[in-house]
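Beneath this line is the structure, given in structure tokens, with notes to follow.
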Amino acid sequence: MTKVIILSREDFEKLSEDVSPEYPFLKDNREHMSADPGGLFRCLMARAEEEKECLLIAQDGDALYLGYGKDCRKVYLKGVPEEYIILEEPKAYQEHAVFYHRPRSVDDINGQNPMRPAPEQETSFQVEQETVLTDEQYRSFLKNGFMNDQPFLFGSRDKMWFDPGKLCWHCVLVKGETSKDGVLIEAEGYNYARYAAFIPDCEKLRLRDVPIHYEYPAKAPQKQKRRYWENVR
């Protein structure tokens with residue numbers, strides 16, 4: 001057992017009726033699950049708060065393995081972390097995107113430029129960092145910032161690379177403070193967007209536990225000053 005997920009009684013009954021692999025909490029806990037039929041299963045335990053019965057859930061690729069327990073108190077759980085969650089409805093995350101090489105502006109990657117050459121290919125991706133700009137900075141970046149040197153991209157160069165074995169882009173998501181859309185960037189050590197993909201709706205991305213970097217250098221001194229005066233009082 002690698003982790004215990006604790007639900008309300010209503011949510012546990014809902015989960016028991018249909019354990020879909022699309023539930024967000026299963027996708028967010030993939031690293032806690034593995035399955036070796038005939039061997040070792042690393043699994044989550046899902047149970048209702050203050051109830052004894054439980055579900056054991058393991059996963060191998062797209063295949064789910066389920067077990068039922070009548071009394072979770074008989075399972076050795078010392079040191080196993082617990083997480084209380086509200087069950088979210090199954091949600092289809094966007095896990096593939098179309099990456100373009102050396103785009104000049106957002107029109108080159110959002111399908112608005114008919115003269116733009118074909119993209120490399122649609123491949124999987126993993127967001128390693130979310131970089132948030134002010135809305136004004138983000139609009140400027142979309143208009144003419146793709147080919148210009150961007151210090152925040154160079155500062156995050158260790159978060160961007162391509163895995164040829166898995167055909168997966170490890171990239172930075174760049175978005176504005178209030179923007180719904182965003183851009184996936186892979187700079188591979190450069191200061192500009194070497195490859196980029198447009199994301200119309202960032203809420204469809206899997207961003208749990210992804211570190212966030214706020215690119216607001218002008219606001220930092222003001223925040224420090226306010227904290228100082230509050231401490232003096």
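Chain labels follow the order of the structure tokens: the first chain is A, the next B, and so on; residue numbering restarts at 1 in every chain, and ligands are counted from 1 in their shown order.
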
If you run DSSP on the backbone, which residues of stretch 2-135 of chain A are strand (DSSP E), as a PDB file with N, CA, C and O atoms, in the first residue's frame?
```pdb
ATOM      1  N   LYS A   3      -0.487   4.628  -0.553  1.00  0.00           N
ATOM      2  CA  LYS A   3      -1.189   5.849  -0.157  1.00  0.00           C
ATOM      3  C   LYS A   3      -2.641   5.504   0.152  1.00  0.00           C
ATOM      4  O   LYS A   3      -3.224   4.622  -0.468  1.00  0.00           O
ATOM      5  N   VAL A   4      -3.239   6.241   1.110  1.00  0.00           N
ATOM      6  CA  VAL A   4      -4.648   6.056   1.457  1.00  0.00           C
ATOM      7  C   VAL A   4      -5.417   7.297   1.038  1.00  0.00           C
ATOM      8  O   VAL A   4      -5.064   8.417   1.426  1.00  0.00           O
ATOM      9  N   ILE A   5      -6.455   7.110   0.224  1.00  0.00           N
ATOM     10  CA  ILE A   5      -7.329   8.195  -0.208  1.00  0.00           C
ATOM     11  C   ILE A   5      -8.620   8.101   0.600  1.00  0.00           C
ATOM     12  O   ILE A   5      -9.301   7.065   0.576  1.00  0.00           O
ATOM     13  N   ILE A   6      -8.961   9.178   1.328  1.00  0.00           N
ATOM     14  CA  ILE A   6     -10.138   9.165   2.186  1.00  0.00           C
ATOM     15  C   ILE A   6     -11.211  10.065   1.583  1.00  0.00           C
ATOM     16  O   ILE A   6     -10.962  11.231   1.267  1.00  0.00           O
ATOM     17  N   LEU A   7     -12.408   9.490   1.414  1.00  0.00           N
ATOM     18  CA  LEU A   7     -13.518  10.168   0.768  1.00  0.00           C
ATOM     19  C   LEU A   7     -14.707  10.268   1.720  1.00  0.00           C
ATOM     20  O   LEU A   7     -14.762   9.581   2.748  1.00  0.00           O
ATOM     21  N   SER A  34       1.446   0.512  -9.437  1.00  0.00           N
ATOM     22  CA  SER A  34       2.013  -0.379 -10.446  1.00  0.00           C
ATOM     23  C   SER A  34       1.383  -1.750 -10.234  1.00  0.00           C
ATOM     24  O   SER A  34       0.845  -2.040  -9.166  1.00  0.00           O
ATOM     25  N   ALA A  35       1.434  -2.570 -11.272  1.00  0.00           N
ATOM     26  CA  ALA A  35       0.794  -3.884 -11.183  1.00  0.00           C
ATOM     27  C   ALA A  35       1.649  -4.927 -11.881  1.00  0.00           C
ATOM     28  O   ALA A  35       2.100  -4.721 -13.001  1.00  0.00           O
ATOM     29  N   PHE A  41       1.899  -5.823  -6.309  1.00  0.00           N
ATOM     30  CA  PHE A  41       1.020  -4.713  -6.690  1.00  0.00           C
ATOM     31  C   PHE A  41       1.279  -3.552  -5.735  1.00  0.00           C
ATOM     32  O   PHE A  41       1.193  -3.709  -4.522  1.00  0.00           O
ATOM     33  N   ARG A  42       1.622  -2.396  -6.294  1.00  0.00           N
ATOM     34  CA  ARG A  42       1.707  -1.166  -5.507  1.00  0.00           C
ATOM     35  C   ARG A  42       0.403  -0.415  -5.746  1.00  0.00           C
ATOM     36  O   ARG A  42       0.083  -0.076  -6.884  1.00  0.00           O
ATOM     37  N   LEU A  44      -3.204   2.126  -4.345  1.00  0.00           N
ATOM     38  CA  LEU A  44      -3.884   3.071  -3.483  1.00  0.00           C
ATOM     39  C   LEU A  44      -4.991   2.339  -2.727  1.00  0.00           C
ATOM     40  O   LEU A  44      -5.601   1.413  -3.260  1.00  0.00           O
ATOM     41  N   MET A  45      -5.243   2.782  -1.518  1.00  0.00           N
ATOM     42  CA  MET A  45      -6.434   2.338  -0.807  1.00  0.00           C
ATOM     43  C   MET A  45      -7.404   3.507  -0.774  1.00  0.00           C
ATOM     44  O   MET A  45      -7.044   4.604  -0.347  1.00  0.00           O
ATOM     45  N   ALA A  46      -8.627   3.302  -1.263  1.00  0.00           N
ATOM     46  CA  ALA A  46      -9.669   4.319  -1.189  1.00  0.00           C
ATOM     47  C   ALA A  46     -10.721   3.845  -0.206  1.00  0.00           C
ATOM     48  O   ALA A  46     -11.198   2.700  -0.295  1.00  0.00           O
ATOM     49  N   ARG A  47     -11.074   4.691   0.730  1.00  0.00           N
ATOM     50  CA  ARG A  47     -12.080   4.308   1.728  1.00  0.00           C
ATOM     51  C   ARG A  47     -12.891   5.524   2.134  1.00  0.00           C
ATOM     52  O   ARG A  47     -12.488   6.670   1.913  1.00  0.00           O
ATOM     53  N   ALA A  48     -14.054   5.268   2.713  1.00  0.00           N
ATOM     54  CA  ALA A  48     -14.893   6.343   3.238  1.00  0.00           C
ATOM     55  C   ALA A  48     -14.444   6.684   4.654  1.00  0.00           C
ATOM     56  O   ALA A  48     -13.980   5.819   5.399  1.00  0.00           O
ATOM     57  N   CYS A  54     -13.058  -0.915   1.952  1.00  0.00           N
ATOM     58  CA  CYS A  54     -12.134  -0.137   1.142  1.00  0.00           C
ATOM     59  C   CYS A  54     -11.972  -0.755  -0.247  1.00  0.00           C
ATOM     60  O   CYS A  54     -12.290  -1.923  -0.470  1.00  0.00           O
ATOM     61  N   LEU A  55     -11.464   0.050  -1.167  1.00  0.00           N
ATOM     62  CA  LEU A  55     -11.082  -0.411  -2.497  1.00  0.00           C
ATOM     63  C   LEU A  55      -9.575  -0.320  -2.614  1.00  0.00           C
ATOM     64  O   LEU A  55      -8.956   0.643  -2.144  1.00  0.00           O
ATOM     65  N   LEU A  56      -8.967  -1.299  -3.254  1.00  0.00           N
ATOM     66  CA  LEU A  56      -7.536  -1.272  -3.558  1.00  0.00           C
ATOM     67  C   LEU A  56      -7.412  -1.088  -5.061  1.00  0.00           C
ATOM     68  O   LEU A  56      -8.015  -1.826  -5.849  1.00  0.00           O
ATOM     69  N   ILE A  57      -6.625  -0.094  -5.469  1.00  0.00           N
ATOM     70  CA  ILE A  57      -6.544   0.275  -6.885  1.00  0.00           C
ATOM     71  C   ILE A  57      -5.085   0.291  -7.317  1.00  0.00           C
ATOM     72  O   ILE A  57      -4.258   0.998  -6.745  1.00  0.00           O
ATOM     73  N   ALA A  58      -4.773  -0.504  -8.333  1.00  0.00           N
ATOM     74  CA  ALA A  58      -3.437  -0.521  -8.937  1.00  0.00           C
ATOM     75  C   ALA A  58      -3.587  -0.278 -10.433  1.00  0.00           C
ATOM     76  O   ALA A  58      -4.665  -0.481 -11.010  1.00  0.00           O
ATOM     77  N   GLN A  59      -2.516   0.165 -11.068  1.00  0.00           N
ATOM     78  CA  GLN A  59      -2.592   0.480 -12.488  1.00  0.00           C
ATOM     79  C   GLN A  59      -1.309   0.090 -13.186  1.00  0.00           C
ATOM     80  O   GLN A  59      -0.208   0.288 -12.662  1.00  0.00           O
ATOM     81  N   ASP A  60      -1.454  -0.466 -14.382  1.00  0.00           N
ATOM     82  CA  ASP A  60      -0.320  -0.795 -15.240  1.00  0.00           C
ATOM     83  C   ASP A  60      -0.647  -0.285 -16.632  1.00  0.00           C
ATOM     84  O   ASP A  60      -1.438  -0.874 -17.351  1.00  0.00           O
ATOM     85  N   ALA A  63      -4.391  -0.146 -17.887  1.00  0.00           N
ATOM     86  CA  ALA A  63      -5.195  -1.188 -17.231  1.00  0.00           C
ATOM     87  C   ALA A  63      -5.271  -0.937 -15.734  1.00  0.00           C
ATOM     88  O   ALA A  63      -4.252  -0.727 -15.068  1.00  0.00           O
ATOM     89  N   LEU A  64      -6.505  -0.964 -15.205  1.00  0.00           N
ATOM     90  CA  LEU A  64      -6.726  -0.838 -13.770  1.00  0.00           C
ATOM     91  C   LEU A  64      -6.965  -2.210 -13.155  1.00  0.00           C
ATOM     92  O   LEU A  64      -7.623  -3.059 -13.756  1.00  0.00           O
ATOM     93  N   TYR A  65      -6.431  -2.408 -11.953  1.00  0.00           N
ATOM     94  CA  TYR A  65      -6.661  -3.628 -11.184  1.00  0.00           C
ATOM     95  C   TYR A  65      -7.319  -3.228  -9.873  1.00  0.00           C
ATOM     96  O   TYR A  65      -6.838  -2.317  -9.176  1.00  0.00           O
ATOM     97  N   LEU A  66      -8.440  -3.896  -9.542  1.00  0.00           N
ATOM     98  CA  LEU A  66      -9.214  -3.520  -8.369  1.00  0.00           C
ATOM     99  C   LEU A  66      -9.305  -4.667  -7.385  1.00  0.00           C
ATOM    100  O   LEU A  66      -9.398  -5.834  -7.773  1.00  0.00           O
ATOM    101  N   GLY A  67      -9.300  -4.318  -6.118  1.00  0.00           N
ATOM    102  CA  GLY A  67      -9.520  -5.294  -5.063  1.00  0.00           C
ATOM    103  C   GLY A  67     -10.477  -4.709  -4.038  1.00  0.00           C
ATOM    104  O   GLY A  67     -10.616  -3.479  -3.935  1.00  0.00           O
ATOM    105  N   TYR A  68     -11.149  -5.568  -3.281  1.00  0.00           N
ATOM    106  CA  TYR A  68     -12.115  -5.116  -2.277  1.00  0.00           C
ATOM    107  C   TYR A  68     -11.697  -5.628  -0.911  1.00  0.00           C
ATOM    108  O   TYR A  68     -11.318  -6.787  -0.745  1.00  0.00           O
ATOM    109  N   GLY A  69     -11.746  -4.731   0.069  1.00  0.00           N
ATOM    110  CA  GLY A  69     -11.416  -5.111   1.432  1.00  0.00           C
ATOM    111  C   GLY A  69     -12.577  -4.848   2.367  1.00  0.00           C
ATOM    112  O   GLY A  69     -13.174  -3.763   2.329  1.00  0.00           O
ATOM    113  N   GLU A  82      -1.786   9.655   4.061  1.00  0.00           N
ATOM    114  CA  GLU A  82      -3.218   9.754   3.816  1.00  0.00           C
ATOM    115  C   GLU A  82      -3.529  11.098   3.155  1.00  0.00           C
ATOM    116  O   GLU A  82      -2.855  12.097   3.414  1.00  0.00           O
ATOM    117  N   GLU A  83      -4.554  11.100   2.319  1.00  0.00           N
ATOM    118  CA  GLU A  83      -4.997  12.345   1.680  1.00  0.00           C
ATOM    119  C   GLU A  83      -6.518  12.362   1.641  1.00  0.00           C
ATOM    120  O   GLU A  83      -7.143  11.431   1.140  1.00  0.00           O
ATOM    121  N   TYR A  84      -7.097  13.412   2.203  1.00  0.00           N
ATOM    122  CA  TYR A  84      -8.543  13.604   2.141  1.00  0.00           C
ATOM    123  C   TYR A  84      -8.866  14.373   0.863  1.00  0.00           C
ATOM    124  O   TYR A  84      -8.288  15.440   0.609  1.00  0.00           O
ATOM    125  N   HIS A  96      -1.595  15.645 -25.366  1.00  0.00           N
ATOM    126  CA  HIS A  96      -0.844  15.755 -26.610  1.00  0.00           C
ATOM    127  C   HIS A  96      -1.038  17.157 -27.174  1.00  0.00           C
ATOM    128  O   HIS A  96      -2.063  17.795 -26.948  1.00  0.00           O
ATOM    129  N   ALA A  97      -0.056  17.635 -27.893  1.00  0.00           N
ATOM    130  CA  ALA A  97      -0.133  18.965 -28.498  1.00  0.00           C
ATOM    131  C   ALA A  97       0.677  18.975 -29.790  1.00  0.00           C
ATOM    132  O   ALA A  97       1.548  18.131 -30.012  1.00  0.00           O
ATOM    133  N   VAL A  98       0.366  19.955 -30.644  1.00  0.00           N
ATOM    134  CA  VAL A  98       1.070  20.119 -31.917  1.00  0.00           C
ATOM    135  C   VAL A  98       2.172  21.158 -31.726  1.00  0.00           C
ATOM    136  O   VAL A  98       1.881  22.335 -31.472  1.00  0.00           O
ATOM    137  N   PHE A  99       3.413  20.735 -31.812  1.00  0.00           N
ATOM    138  CA  PHE A  99       4.553  21.625 -31.613  1.00  0.00           C
ATOM    139  C   PHE A  99       5.097  22.113 -32.954  1.00  0.00           C
ATOM    140  O   PHE A  99       5.268  21.323 -33.889  1.00  0.00           O
ATOM    141  N   TYR A 100       5.372  23.432 -33.025  1.00  0.00           N
ATOM    142  CA  TYR A 100       5.921  24.058 -34.232  1.00  0.00           C
ATOM    143  C   TYR A 100       7.353  24.500 -33.965  1.00  0.00           C
ATOM    144  O   TYR A 100       7.682  24.963 -32.861  1.00  0.00           O
ATOM    145  N   HIS A 101       8.182  24.407 -34.993  1.00  0.00           N
ATOM    146  CA  HIS A 101       9.596  24.781 -34.890  1.00  0.00           C
ATOM    147  C   HIS A 101       9.777  26.254 -35.222  1.00  0.00           C
ATOM    148  O   HIS A 101       9.294  26.742 -36.235  1.00  0.00           O
ATOM    149  N   GLN A 121       5.059  17.366 -35.421  1.00  0.00           N
ATOM    150  CA  GLN A 121       4.084  16.301 -35.234  1.00  0.00           C
ATOM    151  C   GLN A 121       3.359  16.506 -33.907  1.00  0.00           C
ATOM    152  O   GLN A 121       3.814  17.271 -33.066  1.00  0.00           O
ATOM    153  N   GLU A 122       2.228  15.850 -33.754  1.00  0.00           N
ATOM    154  CA  GLU A 122       1.507  15.921 -32.494  1.00  0.00           C
ATOM    155  C   GLU A 122       2.062  14.867 -31.555  1.00  0.00           C
ATOM    156  O   GLU A 122       2.063  13.678 -31.876  1.00  0.00           O
ATOM    157  N   THR A 123       2.583  15.292 -30.433  1.00  0.00           N
ATOM    158  CA  THR A 123       3.241  14.371 -29.504  1.00  0.00           C
ATOM    159  C   THR A 123       2.777  14.641 -28.076  1.00  0.00           C
ATOM    160  O   THR A 123       2.112  15.628 -27.789  1.00  0.00           O
ATOM    161  N   SER A 124       3.151  13.750 -27.179  1.00  0.00           N
ATOM    162  CA  SER A 124       2.820  13.934 -25.771  1.00  0.00           C
ATOM    163  C   SER A 124       3.733  14.993 -25.159  1.00  0.00           C
ATOM    164  O   SER A 124       4.787  15.331 -25.712  1.00  0.00           O
ATOM    165  N   PHE A 125       3.312  15.507 -24.018  1.00  0.00           N
ATOM    166  CA  PHE A 125       4.123  16.519 -23.335  1.00  0.00           C
ATOM    167  C   PHE A 125       3.915  16.396 -21.833  1.00  0.00           C
ATOM    168  O   PHE A 125       2.956  15.797 -21.362  1.00  0.00           O
ATOM    169  N   GLN A 126       4.844  16.994 -21.102  1.00  0.00           N
ATOM    170  CA  GLN A 126       4.746  17.072 -19.652  1.00  0.00           C
ATOM    171  C   GLN A 126       5.183  18.451 -19.221  1.00  0.00           C
ATOM    172  O   GLN A 126       6.285  18.895 -19.551  1.00  0.00           O
ATOM    173  N   VAL A 127       4.327  19.162 -18.495  1.00  0.00           N
ATOM    174  CA  VAL A 127       4.647  20.508 -18.018  1.00  0.00           C
ATOM    175  C   VAL A 127       5.536  20.398 -16.781  1.00  0.00           C
ATOM    176  O   VAL A 127       5.159  19.788 -15.785  1.00  0.00           O
ATOM    177  N   GLU A 128       6.726  20.971 -16.860  1.00  0.00           N
ATOM    178  CA  GLU A 128       7.673  20.936 -15.745  1.00  0.00           C
ATOM    179  C   GLU A 128       7.635  22.206 -14.899  1.00  0.00           C
ATOM    180  O   GLU A 128       8.094  22.203 -13.760  1.00  0.00           O
ATOM    181  N   GLN A 129       7.095  23.286 -15.471  1.00  0.00           N
ATOM    182  CA  GLN A 129       6.988  24.540 -14.721  1.00  0.00           C
ATOM    183  C   GLN A 129       5.929  25.412 -15.381  1.00  0.00           C
ATOM    184  O   GLN A 129       5.770  25.393 -16.595  1.00  0.00           O
ATOM    185  N   GLU A 130       5.205  26.159 -14.560  1.00  0.00           N
ATOM    186  CA  GLU A 130       4.237  27.136 -15.059  1.00  0.00           C
ATOM    187  C   GLU A 130       4.808  28.522 -14.796  1.00  0.00           C
ATOM    188  O   GLU A 130       5.068  28.883 -13.646  1.00  0.00           O
ATOM    189  N   THR A 131       5.024  29.295 -15.858  1.00  0.00           N
ATOM    190  CA  THR A 131       5.545  30.653 -15.736  1.00  0.00           C
ATOM    191  C   THR A 131       4.414  31.632 -16.016  1.00  0.00           C
ATOM    192  O   THR A 131       3.821  31.613 -17.093  1.00  0.00           O
ATOM    193  N   VAL A 132       4.112  32.465 -15.031  1.00  0.00           N
ATOM    194  CA  VAL A 132       2.997  33.393 -15.138  1.00  0.00           C
ATOM    195  C   VAL A 132       3.534  34.811 -15.349  1.00  0.00           C
ATOM    196  O   VAL A 132       4.300  35.323 -14.537  1.00  0.00           O
ATOM    197  N   LEU A 133       3.113  35.439 -16.451  1.00  0.00           N
ATOM    198  CA  LEU A 133       3.465  36.818 -16.764  1.00  0.00           C
ATOM    199  C   LEU A 133       2.284  37.718 -16.421  1.00  0.00           C
ATOM    200  O   LEU A 133       1.160  37.248 -16.241  1.00  0.00           O
TER     201      LEU A 133
END
```

Residue set, stretch 3-149 of chain A restricted to helix (DSSP H, G or I), as a tab-separated table (two decimals) with N, CA and C atoms, in the first residue's frame:
```tsv
chain	number	residue	atom	x	y	z
A	9	ARG	N	-18.67	9.38	2.47
A	9	ARG	CA	-19.40	8.15	2.18
A	9	ARG	C	-20.06	8.21	0.80
A	10	GLU	N	-20.62	9.36	0.48
A	10	GLU	CA	-21.28	9.53	-0.82
A	10	GLU	C	-20.29	9.38	-1.97
A	11	ASP	N	-19.12	10.01	-1.82
A	11	ASP	CA	-18.11	9.92	-2.88
A	11	ASP	C	-17.57	8.50	-3.01
A	12	PHE	N	-17.42	7.80	-1.88
A	12	PHE	CA	-16.92	6.42	-1.94
A	12	PHE	C	-17.92	5.52	-2.67
A	13	GLU	N	-19.19	5.70	-2.42
A	13	GLU	CA	-20.20	4.91	-3.12
A	13	GLU	C	-20.20	5.21	-4.61
A	14	LYS	N	-20.01	6.48	-4.95
A	14	LYS	CA	-19.96	6.86	-6.36
A	14	LYS	C	-18.75	6.22	-7.05
A	15	LEU	N	-17.60	6.24	-6.36
A	15	LEU	CA	-16.39	5.63	-6.92
A	15	LEU	C	-16.58	4.12	-7.06
A	16	SER	N	-17.22	3.49	-6.09
A	16	SER	CA	-17.39	2.03	-6.12
A	16	SER	C	-18.25	1.57	-7.29
A	17	GLU	N	-19.17	2.44	-7.73
A	17	GLU	CA	-20.05	2.07	-8.83
A	17	GLU	C	-19.32	2.01	-10.16
A	24	PRO	N	-9.52	12.30	-11.88
A	24	PRO	CA	-8.30	13.10	-11.69
A	24	PRO	C	-7.37	12.57	-10.60
A	25	PHE	N	-7.92	12.08	-9.48
A	25	PHE	CA	-7.04	11.65	-8.39
A	25	PHE	C	-6.23	10.42	-8.79
A	26	LEU	N	-6.74	9.58	-9.69
A	26	LEU	CA	-5.97	8.43	-10.18
A	26	LEU	C	-4.85	8.88	-11.10
A	27	LYS	N	-5.16	9.83	-11.98
A	27	LYS	CA	-4.12	10.34	-12.88
A	27	LYS	C	-3.03	11.08	-12.10
A	28	ASP	N	-3.43	11.77	-11.03
A	28	ASP	CA	-2.46	12.53	-10.24
A	28	ASP	C	-1.61	11.63	-9.34
A	30	ARG	N	-0.43	8.42	-10.32
A	30	ARG	CA	0.10	7.32	-11.12
A	30	ARG	C	1.40	6.77	-10.56
A	31	GLU	N	2.22	7.69	-10.00
A	31	GLU	CA	3.53	7.24	-9.50
A	31	GLU	C	3.39	6.34	-8.28
A	32	HIS	N	2.21	6.30	-7.66
A	32	HIS	CA	1.98	5.46	-6.48
A	32	HIS	C	1.45	4.08	-6.84
A	72	CYS	N	-10.46	-2.30	6.50
A	72	CYS	CA	-9.15	-1.67	6.26
A	72	CYS	C	-8.27	-1.68	7.51
A	73	ARG	N	-8.87	-1.90	8.68
A	73	ARG	CA	-8.08	-1.90	9.91
A	73	ARG	C	-7.16	-3.11	9.99
A	74	LYS	N	-7.43	-4.12	9.19
A	74	LYS	CA	-6.59	-5.32	9.19
A	74	LYS	C	-5.40	-5.21	8.23
A	106	VAL	N	2.18	34.04	-32.07
A	106	VAL	CA	1.15	33.06	-31.73
A	106	VAL	C	0.35	32.63	-32.96
A	107	ASP	N	0.28	33.49	-34.01
A	107	ASP	CA	-0.45	33.12	-35.22
A	107	ASP	C	0.19	31.92	-35.93
A	108	ASP	N	1.47	31.67	-35.68
A	108	ASP	CA	2.15	30.53	-36.30
A	108	ASP	C	1.79	29.22	-35.63
A	135	ASP	N	-0.61	40.20	-17.63
A	135	ASP	CA	-1.37	40.11	-18.88
A	135	ASP	C	-0.72	40.94	-19.99
A	136	GLU	N	-0.17	42.10	-19.64
A	136	GLU	CA	0.50	42.94	-20.63
A	136	GLU	C	1.76	42.26	-21.17
A	137	GLN	N	2.55	41.68	-20.28
A	137	GLN	CA	3.74	40.96	-20.72
A	137	GLN	C	3.37	39.78	-21.61
A	138	TYR	N	2.30	39.08	-21.25
A	138	TYR	CA	1.88	37.92	-22.02
A	138	TYR	C	1.41	38.31	-23.42
A	139	ARG	N	0.64	39.39	-23.54
A	139	ARG	CA	0.19	39.86	-24.86
A	139	ARG	C	1.38	40.24	-25.72
A	140	SER	N	2.37	40.90	-25.12
A	140	SER	CA	3.57	41.27	-25.87
A	140	SER	C	4.35	40.03	-26.31
A	141	PHE	N	4.43	39.04	-25.42
A	141	PHE	CA	5.13	37.80	-25.75
A	141	PHE	C	4.46	37.08	-26.93
A	142	LEU	N	3.13	37.02	-26.92
A	142	LEU	CA	2.41	36.36	-28.01
A	142	LEU	C	2.59	37.08	-29.34
A	143	LYS	N	2.72	38.41	-29.28
A	143	LYS	CA	2.81	39.20	-30.51
A	143	LYS	C	4.17	39.16	-31.15
A	144	ASN	N	5.22	39.32	-30.35
A	144	ASN	CA	6.56	39.39	-30.96
A	144	ASN	C	7.67	38.86	-30.07
```

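Taking only C-alpha atoms into account, A:Trp161 lies nearest to A:Tyr195 out of the set A:Tyr23, A:Phe146, A:Tyr195, A:Tyr93.
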
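Atom pair atom CA of A:Lys175 / atom CA of A:Asp158: separated by 18.9 Å.
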
Considering only C-alpha atoms, return as a PDB file with C-alpha atoms, in the first residue's frame whatever protein or nucleic-acid residues lie within 9 Å of A:Asn148, sequence-local ones (same chain, fewer than 5 positions apart) excluded.
```
ATOM      1  CA  PHE A 141       5.132  37.799 -25.751  1.00  0.00           C
ATOM      2  CA  ASN A 191      16.634  32.179 -24.756  1.00  0.00           C
ATOM      3  CA  TYR A 192      13.860  31.943 -27.357  1.00  0.00           C
ATOM      4  CA  ALA A 193      11.069  29.515 -28.196  1.00  0.00           C
TER       5      ALA A 193
END
```

Would you mind listing, for every residue of stretch 127-212 of chain A within 12 Å of stretch 111-114 of chain A, the two atoms forming the shortest contact and the distance between them in Å to one decimal, using only C-alpha atoms, sorted by chain and ascending residue number, as a Markdown table?
```
| residue | atom | partner | partner_atom | distance |
| --- | --- | --- | --- | --- |
| A:Ala197 | CA | A:Gly111 | CA | 10.6 |
| A:Phe198 | CA | A:Gly111 | CA | 9.1 |
| A:Ile199 | CA | A:Gly111 | CA | 11.5 |
| A:Pro200 | CA | A:Gly111 | CA | 11.3 |
```

Next, dump the selected residues to file, keeping only C-alpha atoms, as a short mmCIF file (atom, residue, chain, number, x, y, z; two decimals), in the first residue's frame.
```cif
data_model
loop_
_atom_site.label_atom_id
_atom_site.label_comp_id
_atom_site.auth_asym_id
_atom_site.auth_seq_id
_atom_site.Cartn_x
_atom_site.Cartn_y
_atom_site.Cartn_z
CA ALA A 197 2.48 24.64 -28.93
CA PHE A 198 -0.70 26.65 -28.36
CA ILE A 199 -3.05 25.59 -25.55
CA PRO A 200 -6.56 27.10 -25.86
#
```

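Summary of the local environment: counting only C-alpha atoms, residues at most 8 Å from A:Glu188, other than itself and those fewer than 4 positions away along its chain, are Arg157, Met160, Trp161 and Arg194 of chain A.
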
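Picture a line from atom CA of A:Pro37 to atom CA of A:Tyr76; it runs 21.3 Å.
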